[in-house]
Amino acid sequence: MLEVRDLRKEFQPLSGQPVVALGSVSFRVEAGQFVSIVGPSGCGKSTLLQCIAGLSRPTAGRVLLHGREVTGPPEGLILLFQEYNKSLMAWRSVLRNVRFGLENRAGMGRAEMDAEARRYIDLVGLKGFEAHYPWELSGGMQQRVAIARALVRHPEVLLMDEPFGSLDALTRIELEDALLRLWESLRATILFVTHDIEEAVYLSDRVYVLSHRPSQVIEEIEVKLERPRNQLTTREDPRFIGARHHIFELISKEMAKA
Amino acid sequence: MARLPAKGVAVLLGCLVLWEVLARKSTALALYFPPASAVLATLATIVGNGELLSHVAASLARFAEGYALAATLAVGAGLCLGLWRPLYALFEPLIELLRPMPSPATIPIAILFLGIGDEMKVAVTVYACSWPILLNTIDGVRSIDPVLMNTAATFRLRPWERFWKVVLPGASPQIVTGLRVSLAIALILVTTSEMIVSNDGLGFYILDRQRSFQIREMYAAIVALAVIGYGLNRLFLAVDGWAMAWHKGLTRKEEIL
């Protein structure tokens, strides 16, 4: 359903040669899949998501959603930003932040939107915090608000840019499992960018490994681990460890080139 | 703003007592320097007999008109200039040249074009008040985080929705800062222009009483002006504290961290 074809992105600095962030990136994401992208730092993962979300124009190549080229932010696709604290509206309560996800949808009354927003606040485990402001919440809770705001819209595709990168280990584990449960019940397609190899393997059906800049996909790894996954048993599974080792070696080689 | 601290009130009262004592001792200056009690008594008289009220009303009307017009125009222009960089580049030299010029310098021009009536006083008030509001609004729009603008984009907000739901609330803390600075400026310009040419208003009254050697009335009107300025500021802070409660909480949180 989502296809990235020979995507190239160059940035022109104030002086000197253009920086090629994305060399030629191609991959596909099938409907309902959980797909992760890992790569060495500075390989242009965020840039890639911005291009897919229609927020940044690629220098060359195309992004196709249901076969149609993405030229601006497409309907049914939401990008969750790495800086979740900056993406929430400090002047809106949790309820009104989540409702924001529905406000420009035609044909929904205020009461209906609020009811739906409350349902998703409950789903992400924030019941009781509806009236709080984002800055009154911890980082993990803020990220839950951002996730609820995206999911309330029922996006077909959810792009997530290192969503748990700045959270502590325990909160991260909790949110990983919460995300998997939501994904399984809502049947959305998720494209997840992370620099954490274990996280990518744990969450995904498929992992794409990016090379160092100018980046391209160097390997596609199918993760054939049973669902629902378990933080202990899944991570001890020889297939999990095998995938982790394989990806680690690939990325180490890329880091060495830098 | 919190309630007045007890120690601050004590200092204020101490100054009044000092004024009283010094004025009573220096009999030579009695004409120019009446004691605080006499000034306050005069204030009570001219308020009680209605003499001052028409002047207060005239000044406040000019203040309200000038301030409201400046707020509307400068916020509007600031939003446009903040959102559209080429437009700002076009106007930046002009803004940078006019902004530091003391605003009362425009009074003679305003008199030439608008005469000596209310229009002139309102016009100079609008001019002077616009700068802090304009510059703070431009800055407020520009300091909105790009992540927030991208969030608006990924949720496919239409341009006017982006404006109402992201740009305006995002810039509002700085717009309010500009409005607060301009509050004092508005009162300064109203009073100054009334002193230069007018037949009513507090500025006119103060200068008129000085010229006719009604020194107590002059001081009483100055005290009234101070009280009005204080009251307007408190009113502003009350509205600000209610409307911008989220921002107060946010900045308190940031101070702790």
# chains A, B, ... in the order shown; residues from 1 in each chain; ligands from 1
$ interface_residues --of "chain A" --to "chain B" --cutoff "8 Å" --atoms "only C-alpha atoms" --output "ChimeraX atom specification"
/A:53-55,73-75,77-79,81,83,86-92,101,104,133,135-136
$ write_last_selection --atoms "N, CA, C and O atoms" --output "PDB file, in the first residue's frame"
ATOM      1  N   ALA A  53       5.657  11.655   4.631  1.00  0.00           N
ATOM      2  CA  ALA A  53       4.489  12.363   5.176  1.00  0.00           C
ATOM      3  C   ALA A  53       4.080  13.558   4.328  1.00  0.00           C
ATOM      4  O   ALA A  53       3.104  14.236   4.631  1.00  0.00           O
ATOM      5  N   GLY A  54       4.837  13.824   3.269  1.00  0.00           N
ATOM      6  CA  GLY A  54       4.487  14.942   2.395  1.00  0.00           C
ATOM      7  C   GLY A  54       4.839  16.294   2.977  1.00  0.00           C
ATOM      8  O   GLY A  54       4.319  17.321   2.542  1.00  0.00           O
ATOM      9  N   LEU A  55       5.732  16.321   3.971  1.00  0.00           N
ATOM     10  CA  LEU A  55       6.123  17.592   4.584  1.00  0.00           C
ATOM     11  C   LEU A  55       7.382  18.148   3.953  1.00  0.00           C
ATOM     12  O   LEU A  55       7.741  19.294   4.159  1.00  0.00           O
ATOM     13  N   PRO A  73       0.776  16.513   2.514  1.00  0.00           N
ATOM     14  CA  PRO A  73       0.316  15.600   3.565  1.00  0.00           C
ATOM     15  C   PRO A  73      -0.936  14.830   3.108  1.00  0.00           C
ATOM     16  O   PRO A  73      -1.966  15.438   2.847  1.00  0.00           O
ATOM     17  N   PRO A  74      -0.841  13.500   2.957  1.00  0.00           N
ATOM     18  CA  PRO A  74      -1.979  12.760   2.434  1.00  0.00           C
ATOM     19  C   PRO A  74      -3.034  12.442   3.504  1.00  0.00           C
ATOM     20  O   PRO A  74      -2.710  12.398   4.687  1.00  0.00           O
ATOM     21  N   GLU A  75      -4.239  12.260   3.052  1.00  0.00           N
ATOM     22  CA  GLU A  75      -5.325  11.839   3.939  1.00  0.00           C
ATOM     23  C   GLU A  75      -5.005  10.430   4.450  1.00  0.00           C
ATOM     24  O   GLU A  75      -4.461   9.610   3.724  1.00  0.00           O
ATOM     25  N   LEU A  77      -2.850   9.494   6.694  1.00  0.00           N
ATOM     26  CA  LEU A  77      -1.473   9.248   7.128  1.00  0.00           C
ATOM     27  C   LEU A  77      -1.075  10.313   8.146  1.00  0.00           C
ATOM     28  O   LEU A  77      -1.263  11.499   7.909  1.00  0.00           O
ATOM     29  N   ILE A  78      -0.569   9.870   9.273  1.00  0.00           N
ATOM     30  CA  ILE A  78      -0.163  10.819  10.314  1.00  0.00           C
ATOM     31  C   ILE A  78       1.283  10.541  10.711  1.00  0.00           C
ATOM     32  O   ILE A  78       1.679   9.393  10.875  1.00  0.00           O
ATOM     33  N   LEU A  79       2.045  11.604  10.846  1.00  0.00           N
ATOM     34  CA  LEU A  79       3.425  11.491  11.320  1.00  0.00           C
ATOM     35  C   LEU A  79       3.478  11.905  12.785  1.00  0.00           C
ATOM     36  O   LEU A  79       3.018  12.981  13.153  1.00  0.00           O
ATOM     37  N   PHE A  81       5.881  12.948  15.723  1.00  0.00           N
ATOM     38  CA  PHE A  81       7.219  13.520  15.759  1.00  0.00           C
ATOM     39  C   PHE A  81       8.029  13.028  16.938  1.00  0.00           C
ATOM     40  O   PHE A  81       7.498  12.679  17.987  1.00  0.00           O
ATOM     41  N   GLU A  83       9.932  14.882  18.701  1.00  0.00           N
ATOM     42  CA  GLU A  83       9.790  15.853  19.792  1.00  0.00           C
ATOM     43  C   GLU A  83       8.320  15.974  20.160  1.00  0.00           C
ATOM     44  O   GLU A  83       7.694  16.994  19.899  1.00  0.00           O
ATOM     45  N   LYS A  86       6.991  19.049  21.890  1.00  0.00           N
ATOM     46  CA  LYS A  86       6.796  20.270  21.107  1.00  0.00           C
ATOM     47  C   LYS A  86       5.600  20.156  20.174  1.00  0.00           C
ATOM     48  O   LYS A  86       5.117  21.156  19.658  1.00  0.00           O
ATOM     49  N   SER A  87       5.166  18.924  19.909  1.00  0.00           N
ATOM     50  CA  SER A  87       4.067  18.767  18.958  1.00  0.00           C
ATOM     51  C   SER A  87       2.709  18.881  19.648  1.00  0.00           C
ATOM     52  O   SER A  87       1.684  19.014  18.992  1.00  0.00           O
ATOM     53  N   LEU A  88       2.701  18.832  20.988  1.00  0.00           N
ATOM     54  CA  LEU A  88       1.429  19.011  21.694  1.00  0.00           C
ATOM     55  C   LEU A  88       1.180  20.500  21.898  1.00  0.00           C
ATOM     56  O   LEU A  88       2.106  21.288  21.961  1.00  0.00           O
ATOM     57  N   MET A  89      -0.101  20.857  21.997  1.00  0.00           N
ATOM     58  CA  MET A  89      -0.433  22.261  22.186  1.00  0.00           C
ATOM     59  C   MET A  89      -0.513  22.582  23.670  1.00  0.00           C
ATOM     60  O   MET A  89      -1.399  22.102  24.369  1.00  0.00           O
ATOM     61  N   ALA A  90       0.434  23.399  24.110  1.00  0.00           N
ATOM     62  CA  ALA A  90       0.553  23.685  25.544  1.00  0.00           C
ATOM     63  C   ALA A  90      -0.683  24.387  26.082  1.00  0.00           C
ATOM     64  O   ALA A  90      -0.942  24.367  27.275  1.00  0.00           O
ATOM     65  N   TRP A  91      -1.461  25.002  25.187  1.00  0.00           N
ATOM     66  CA  TRP A  91      -2.628  25.768  25.634  1.00  0.00           C
ATOM     67  C   TRP A  91      -3.893  24.916  25.653  1.00  0.00           C
ATOM     68  O   TRP A  91      -4.971  25.403  25.951  1.00  0.00           O
ATOM     69  N   ARG A  92      -3.757  23.656  25.277  1.00  0.00           N
ATOM     70  CA  ARG A  92      -4.924  22.781  25.283  1.00  0.00           C
ATOM     71  C   ARG A  92      -4.744  21.689  26.325  1.00  0.00           C
ATOM     72  O   ARG A  92      -3.650  21.160  26.495  1.00  0.00           O
ATOM     73  N   GLY A 101      -7.212  15.999  16.896  1.00  0.00           N
ATOM     74  CA  GLY A 101      -7.090  15.012  15.820  1.00  0.00           C
ATOM     75  C   GLY A 101      -8.363  14.848  15.007  1.00  0.00           C
ATOM     76  O   GLY A 101      -8.325  14.315  13.899  1.00  0.00           O
ATOM     77  N   ASN A 104     -10.886  18.834  12.306  1.00  0.00           N
ATOM     78  CA  ASN A 104     -11.139  19.260  10.920  1.00  0.00           C
ATOM     79  C   ASN A 104     -11.781  18.141  10.100  1.00  0.00           C
ATOM     80  O   ASN A 104     -11.715  18.133   8.887  1.00  0.00           O
ATOM     81  N   TYR A 133      -2.941  19.677  31.594  1.00  0.00           N
ATOM     82  CA  TYR A 133      -2.218  20.248  30.459  1.00  0.00           C
ATOM     83  C   TYR A 133      -0.998  19.376  30.174  1.00  0.00           C
ATOM     84  O   TYR A 133      -0.463  18.741  31.094  1.00  0.00           O
ATOM     85  N   TRP A 135       2.099  19.949  29.801  1.00  0.00           N
ATOM     86  CA  TRP A 135       3.296  20.238  30.587  1.00  0.00           C
ATOM     87  C   TRP A 135       3.160  19.788  32.037  1.00  0.00           C
ATOM     88  O   TRP A 135       4.109  19.859  32.801  1.00  0.00           O
ATOM     89  N   GLU A 136       1.970  19.323  32.403  1.00  0.00           N
ATOM     90  CA  GLU A 136       1.809  18.777  33.748  1.00  0.00           C
ATOM     91  C   GLU A 136       2.106  17.276  33.767  1.00  0.00           C
ATOM     92  O   GLU A 136       2.041  16.648  34.815  1.00  0.00           O
TER      93      GLU A 136
END
$ residues_around --residues "segment 191-200 of chain B" --least-positions-apart "4" --cutoff "6 Å" --atoms "only C-alpha atoms" --output "ChimeraX atom specification"
/B:55,121,204
$ write_last_selection --atoms "N, CA, C and O atoms" --output "JSON list (two decimals), in the first residue's frame"
[["chain", "number", "residue", "atom", "x", "y", "z"],
["B", 55, "HIS", "N", -12.79, 65.02, 33.20],
["B", 55, "HIS", "CA", -11.44, 64.93, 32.62],
["B", 55, "HIS", "C", -10.94, 63.49, 32.56],
["B", 55, "HIS", "O", -10.33, 63.07, 31.59],
["B", 121, "LYS", "N", -5.09, 63.07, 19.17],
["B", 121, "LYS", "CA", -4.60, 62.38, 20.38],
["B", 121, "LYS", "C", -4.70, 60.87, 20.22],
["B", 121, "LYS", "O", -3.80, 60.13, 20.62],
["B", 204, "PHE", "N", -4.45, 67.86, 30.30],
["B", 204, "PHE", "CA", -4.83, 69.26, 30.25],
["B", 204, "PHE", "C", -5.04, 69.81, 31.66],
["B", 204, "PHE", "O", -4.54, 70.88, 32.01]]
$ residues_around --residues "segment 80-87 of chain B" --least-positions-apart "6" --cutoff "10 Å" --atoms "only C-alpha atoms" --output "list in words"
Ala74, Leu134, Leu135, Asn136, Thr137, Ile138, Asp139, Gly140, Val141, Arg142, Ser143, Phe163, Val167 and Ala171 of chain B
$ write_last_selection --atoms "C-alpha atoms" --output "JSON list (two decimals), in the first residue's frame"
[["chain", "number", "residue", "atom", "x", "y", "z"],
["B", 74, "ALA", "CA", -0.58, 45.96, 15.27],
["B", 134, "LEU", "CA", 3.84, 44.79, 16.45],
["B", 135, "LEU", "CA", 7.35, 43.64, 17.30],
["B", 136, "ASN", "CA", 6.24, 41.18, 19.95],
["B", 137, "THR", "CA", 3.62, 39.71, 17.64],
["B", 138, "ILE", "CA", 6.14, 39.25, 14.82],
["B", 139, "ASP", "CA", 8.55, 37.60, 17.24],
["B", 140, "GLY", "CA", 5.79, 35.45, 18.73],
["B", 141, "VAL", "CA", 4.74, 34.11, 15.33],
["B", 142, "ARG", "CA", 8.31, 33.36, 14.39],
["B", 143, "SER", "CA", 9.13, 31.58, 17.60],
["B", 163, "PHE", "CA", -3.92, 30.38, 11.81],
["B", 167, "VAL", "CA", -0.37, 30.49, 14.99],
["B", 171, "ALA", "CA", 2.06, 33.56, 19.52]]
$ select_by_dssp --residues "segment 3-234 of chain A" --states "strand (DSSP E)" --output "PyMOL selection string"
chain A and resi 3-11+19-29+34-38+60-65+68-69+77-80+157-161+189-193+206-210+217-222
$ select_by_dssp --residues "segment 27-169 of chain B" --states "helix (DSSP H, G or I)" --output "PyMOL selection string"
chain B and resi 27-29+36-48+53-83+85-98+103-114+118-142+146-154+159-169
$ residues_around --residues "segment 1-14 of chain A" --least-positions-apart "5" --cutoff "6 Å" --atoms "only C-alpha atoms" --output "PDB file with N, CA and C atoms, in the first residue's frame"
ATOM      1  N   VAL A  19      24.535  18.346   0.527  1.00  0.00           N
ATOM      2  CA  VAL A  19      24.630  17.147   1.352  1.00  0.00           C
ATOM      3  C   VAL A  19      23.549  16.182   0.878  1.00  0.00           C
ATOM      4  N   VAL A  20      23.953  14.960   0.539  1.00  0.00           N
ATOM      5  CA  VAL A  20      22.972  13.969   0.108  1.00  0.00           C
ATOM      6  C   VAL A  20      22.554  13.162   1.334  1.00  0.00           C
ATOM      7  N   ALA A  21      21.344  13.435   1.828  1.00  0.00           N
ATOM      8  CA  ALA A  21      20.866  12.732   3.013  1.00  0.00           C
ATOM      9  C   ALA A  21      20.392  11.335   2.622  1.00  0.00           C
ATOM     10  N   LEU A  22      19.510  11.296   1.631  1.00  0.00           N
ATOM     11  CA  LEU A  22      19.014  10.016   1.145  1.00  0.00           C
ATOM     12  C   LEU A  22      19.576   9.807  -0.256  1.00  0.00           C
ATOM     13  N   GLY A  23      20.272   8.673  -0.449  1.00  0.00           N
ATOM     14  CA  GLY A  23      20.868   8.396  -1.758  1.00  0.00           C
ATOM     15  C   GLY A  23      19.812   7.887  -2.710  1.00  0.00           C
ATOM     16  N   SER A  24      19.363   6.670  -2.465  1.00  0.00           N
ATOM     17  CA  SER A  24      18.301   6.104  -3.273  1.00  0.00           C
ATOM     18  C   SER A  24      17.618   5.038  -2.415  1.00  0.00           C
ATOM     19  N   VAL A  25      16.538   5.448  -1.793  1.00  0.00           N
ATOM     20  CA  VAL A  25      15.862   4.554  -0.849  1.00  0.00           C
ATOM     21  C   VAL A  25      14.606   3.989  -1.492  1.00  0.00           C
ATOM     22  N   SER A  26      14.484   2.659  -1.465  1.00  0.00           N
ATOM     23  CA  SER A  26      13.290   2.005  -2.008  1.00  0.00           C
ATOM     24  C   SER A  26      12.836   0.921  -1.043  1.00  0.00           C
ATOM     25  N   PHE A  27      11.556   0.893  -0.754  1.00  0.00           N
ATOM     26  CA  PHE A  27      10.992  -0.224   0.007  1.00  0.00           C
ATOM     27  C   PHE A  27       9.470  -0.162  -0.080  1.00  0.00           C
ATOM     28  N   ARG A  28       8.858  -1.237   0.406  1.00  0.00           N
ATOM     29  CA  ARG A  28       7.390  -1.308   0.395  1.00  0.00           C
ATOM     30  C   ARG A  28       6.886  -1.650   1.783  1.00  0.00           C
ATOM     31  N   VAL A  29       5.702  -1.159   2.085  1.00  0.00           N
ATOM     32  CA  VAL A  29       5.051  -1.532   3.336  1.00  0.00           C
ATOM     33  C   VAL A  29       3.663  -2.049   2.974  1.00  0.00           C
ATOM     34  N   GLU A  30       3.372  -3.281   3.404  1.00  0.00           N
ATOM     35  CA  GLU A  30       2.052  -3.842   3.093  1.00  0.00           C
ATOM     36  C   GLU A  30       1.038  -3.412   4.148  1.00  0.00           C
ATOM     37  N   ALA A  31      -0.234  -3.399   3.753  1.00  0.00           N
ATOM     38  CA  ALA A  31      -1.304  -2.962   4.653  1.00  0.00           C
ATOM     39  C   ALA A  31      -1.307  -3.807   5.926  1.00  0.00           C
ATOM     40  N   PRO A  58      11.006  15.384  -1.939  1.00  0.00           N
ATOM     41  CA  PRO A  58      12.249  14.699  -2.279  1.00  0.00           C
ATOM     42  C   PRO A  58      12.912  15.356  -3.494  1.00  0.00           C
ATOM     43  N   THR A  59      14.243  15.236  -3.572  1.00  0.00           N
ATOM     44  CA  THR A  59      14.965  15.771  -4.725  1.00  0.00           C
ATOM     45  C   THR A  59      14.654  14.928  -5.966  1.00  0.00           C
ATOM     46  N   ALA A  60      14.561  13.628  -5.756  1.00  0.00           N
ATOM     47  CA  ALA A  60      14.170  12.726  -6.850  1.00  0.00           C
ATOM     48  C   ALA A  60      13.476  11.523  -6.229  1.00  0.00           C
ATOM     49  N   GLY A  61      12.797  10.761  -7.073  1.00  0.00           N
ATOM     50  CA  GLY A  61      12.099   9.583  -6.587  1.00  0.00           C
ATOM     51  C   GLY A  61      10.684   9.912  -6.151  1.00  0.00           C
ATOM     52  N   ARG A  62       9.949   8.863  -5.763  1.00  0.00           N
ATOM     53  CA  ARG A  62       8.538   9.073  -5.460  1.00  0.00           C
ATOM     54  C   ARG A  62       8.088   8.275  -4.245  1.00  0.00           C
ATOM     55  N   VAL A  63       7.063   8.782  -3.610  1.00  0.00           N
ATOM     56  CA  VAL A  63       6.384   8.043  -2.555  1.00  0.00           C
ATOM     57  C   VAL A  63       4.975   7.775  -3.059  1.00  0.00           C
ATOM     58  N   LEU A  64       4.565   6.513  -3.025  1.00  0.00           N
ATOM     59  CA  LEU A  64       3.230   6.179  -3.514  1.00  0.00           C
ATOM     60  C   LEU A  64       2.405   5.596  -2.379  1.00  0.00           C
ATOM     61  N   LEU A  65       1.219   6.159  -2.184  1.00  0.00           N
ATOM     62  CA  LEU A  65       0.289   5.631  -1.188  1.00  0.00           C
ATOM     63  C   LEU A  65      -0.933   5.157  -1.966  1.00  0.00           C
ATOM     64  N   HIS A  66      -1.214   3.859  -1.906  1.00  0.00           N
ATOM     65  CA  HIS A  66      -2.271   3.268  -2.727  1.00  0.00           C
ATOM     66  C   HIS A  66      -2.058   3.612  -4.197  1.00  0.00           C
TER      67      HIS A  66
END
$ residues_around --residues "segment 234-238 of chain A" --least-positions-apart "5" --cutoff "9 Å" --atoms "only C-alpha atoms" --output "number ranges by chain"
A: 198, 201-202, 225-226, 229, 243
$ residues_around --residues "segment 169-185 of chain A" --least-positions-apart "6" --cutoff "9 Å" --atoms "only C-alpha atoms" --output "JSON, numbers by chain"
{"A": [32, 34, 123, 124, 125, 140, 143, 144, 147, 151, 199, 202, 203, 228, 229, 230, 231]}
$ write_last_selection --atoms "C-alpha atoms" --output "PDB file, in the first residue's frame"
ATOM      1  CA  GLY A  32      -1.566  -3.827   8.332  1.00  0.00           C
ATOM      2  CA  PHE A  34       4.414  -3.167  11.460  1.00  0.00           C
ATOM      3  CA  LEU A 123      -7.124   3.280  25.393  1.00  0.00           C
ATOM      4  CA  VAL A 124      -3.664   4.802  25.909  1.00  0.00           C
ATOM      5  CA  GLY A 125      -4.107   4.587  29.664  1.00  0.00           C
ATOM      6  CA  GLY A 140       5.851   9.030  28.647  1.00  0.00           C
ATOM      7  CA  GLN A 143       3.863  10.620  24.182  1.00  0.00           C
ATOM      8  CA  ARG A 144       0.650   8.743  25.011  1.00  0.00           C
ATOM      9  CA  ILE A 147      -0.362   8.699  20.132  1.00  0.00           C
ATOM     10  CA  LEU A 151      -5.033   7.215  16.541  1.00  0.00           C
ATOM     11  CA  GLU A 199      13.157  -2.377  19.692  1.00  0.00           C
ATOM     12  CA  TYR A 202      10.699  -6.753  19.007  1.00  0.00           C
ATOM     13  CA  LEU A 203       7.960  -4.655  17.442  1.00  0.00           C
ATOM     14  CA  PRO A 228       1.523 -11.346  20.918  1.00  0.00           C
ATOM     15  CA  ARG A 229       5.126 -10.713  21.771  1.00  0.00           C
ATOM     16  CA  ASN A 230       6.491 -10.863  25.245  1.00  0.00           C
ATOM     17  CA  GLN A 231       9.245  -8.674  26.660  1.00  0.00           C
TER      18      GLN A 231
END
$ residues_around --residues "Lys253 of chain A" --least-positions-apart "5" --cutoff "12 Å" --atoms "only C-alpha atoms" --output "list of chain:residue names"
A:Gly39, A:Pro40, A:Val209, A:Leu210, A:Ser211, A:His212, A:Ile218, A:His246, A:Ile247, A:Phe248, A:Ala258
$ atom_distance --atom1 "atom CA of Ala41 of chain B" --atom2 "atom CA of Tyr219 of chain B"
11.0 Å
$ atom_distance --atom1 "atom CA of Leu137 of chain A" --atom2 "atom CA of Arg118 of chain A"
17.0 Å
$ atom_distance --atom1 "atom CA of Thr125 of chain B" --atom2 "atom CA of Ala64 of chain B"
9.8 Å
$ decode --residues "segment 219-227 of chain B" --atoms "all heavy atoms" --output "CSV table (one decimal), in the first residue's frame"
chain,number,residue,atom,x,y,z
B,219,TYR,N,-1.4,68.4,42.0
B,219,TYR,CA,-0.9,67.2,42.6
B,219,TYR,C,-2.0,66.1,42.7
B,219,TYR,O,-1.7,64.9,42.5
B,219,TYR,CB,-0.3,67.5,44.0
B,219,TYR,CG,1.1,68.0,44.0
B,219,TYR,CD1,1.4,69.3,44.3
B,219,TYR,CD2,2.2,67.1,43.7
B,219,TYR,CE1,2.7,69.8,44.3
B,219,TYR,CE2,3.5,67.6,43.7
B,219,TYR,CZ,3.7,68.9,44.0
B,219,TYR,OH,5.0,69.4,44.0
B,220,ALA,N,-3.2,66.6,43.1
B,220,ALA,CA,-4.3,65.6,43.2
B,220,ALA,C,-4.5,64.9,41.9
B,220,ALA,O,-4.7,63.6,41.9
B,220,ALA,CB,-5.5,66.3,43.7
B,221,ALA,N,-4.5,65.6,40.8
B,221,ALA,CA,-4.7,65.0,39.5
B,221,ALA,C,-3.6,64.0,39.1
B,221,ALA,O,-3.8,63.0,38.5
B,221,ALA,CB,-4.9,66.0,38.4
B,222,ILE,N,-2.4,64.4,39.5
B,222,ILE,CA,-1.2,63.5,39.3
B,222,ILE,C,-1.4,62.2,40.0
B,222,ILE,O,-1.2,61.1,39.5
B,222,ILE,CB,0.1,64.2,39.6
B,222,ILE,CG1,0.4,65.3,38.6
B,222,ILE,CG2,1.3,63.2,39.6
B,222,ILE,CD1,1.5,66.2,39.0
B,223,VAL,N,-1.8,62.3,41.3
B,223,VAL,CA,-2.1,61.1,42.1
B,223,VAL,C,-3.2,60.3,41.4
B,223,VAL,O,-3.1,59.0,41.3
B,223,VAL,CB,-2.5,61.5,43.5
B,223,VAL,CG1,-3.0,60.3,44.3
B,223,VAL,CG2,-1.3,62.1,44.3
B,224,ALA,N,-4.2,60.9,41.0
B,224,ALA,CA,-5.3,60.2,40.3
B,224,ALA,C,-4.8,59.5,39.1
B,224,ALA,O,-5.2,58.3,38.8
B,224,ALA,CB,-6.4,61.2,39.9
B,225,LEU,N,-3.9,60.1,38.3
B,225,LEU,CA,-3.3,59.5,37.1
B,225,LEU,C,-2.5,58.2,37.5
B,225,LEU,O,-2.6,57.2,36.9
B,225,LEU,CB,-2.4,60.5,36.5
B,225,LEU,CG,-2.0,60.3,35.0
B,225,LEU,CD1,-3.2,60.1,34.2
B,225,LEU,CD2,-1.2,61.5,34.5
B,226,ALA,N,-1.7,58.3,38.6
B,226,ALA,CA,-1.0,57.2,39.1
B,226,ALA,C,-1.9,56.0,39.4
B,226,ALA,O,-1.7,54.9,39.1
B,226,ALA,CB,-0.1,57.5,40.3
B,227,VAL,N,-3.0,56.4,40.1
B,227,VAL,CA,-4.0,55.3,40.6
B,227,VAL,C,-4.6,54.7,39.4
B,227,VAL,O,-4.8,53.5,39.3
B,227,VAL,CB,-5.0,55.9,41.5
B,227,VAL,CG1,-6.1,55.0,41.8
B,227,VAL,CG2,-4.3,56.4,42.8
